[in-house]
Amino acid sequence: MPLFKKRTAGKPGEWFYCLQHGKVEEGPECPAKDRFGPYASREEAQHAMDTARERNLQWENDPRWHDAPAPDEDR
């Protein structure tokens, strides 16, 4: 009998997108470090990479996240 039991993360009915396998899975199949989610539906999980791409683009173009140019120290 093992000393420590492997605990799964997530619950059946929660959907995830596995980054390692490139597939949608219900409940805990792959380690949390290799997946996006949980999502409420299979369809949401299928679009996980599109959602991430859109959010990254928004972040990259958000003026609040760009540092102002540093003032010249010589002046």
# chains A, B, ... in the order shown; residues from 1 in each chain; ligands from 1
$ residues_around --residues "Arg42 (chain A)" --least-positions-apart "4" --cutoff "8 Å" --atoms "only C-alpha atoms" --output "PyMOL selection string"
chain A and resi 15-16+24+26+46
$ residues_around --residues "Gly37 (chain A)" --least-positions-apart "5" --cutoff "9 Å" --atoms "only C-alpha atoms" --output "mmCIF file with C-alpha atoms, in the first residue's frame"
data_model
loop_
_atom_site.group_PDB
_atom_site.id
_atom_site.type_symbol
_atom_site.label_atom_id
_atom_site.label_comp_id
_atom_site.auth_asym_id
_atom_site.auth_seq_id
_atom_site.Cartn_x
_atom_site.Cartn_y
_atom_site.Cartn_z
ATOM 1 C CA GLU A 14 -14.924 20.488 -15.661
ATOM 2 C CA TRP A 15 -13.230 20.731 -19.032
ATOM 3 C CA PHE A 16 -9.544 21.340 -19.684
ATOM 4 C CA TYR A 17 -7.283 21.846 -22.682
ATOM 5 C CA CYS A 18 -4.101 19.763 -22.455
ATOM 6 C CA ALA A 32 -2.174 20.874 -13.945
ATOM 7 C CA ALA A 45 -12.018 24.284 -23.760
ATOM 8 C CA ALA A 48 -8.593 27.679 -25.191
#
$ closest_residue --among "A:Arg55, A:His47, A:Arg64, A:Lys11" --to "Lys23 (chain A)" --atoms "only C-alpha atoms"
A:His47
$ residues_around --residues "Pro12 (chain A)" --least-positions-apart "6" --cutoff "10 Å" --atoms "only C-alpha atoms" --output "MDAnalysis selection string"
chainID A and resid 25:28
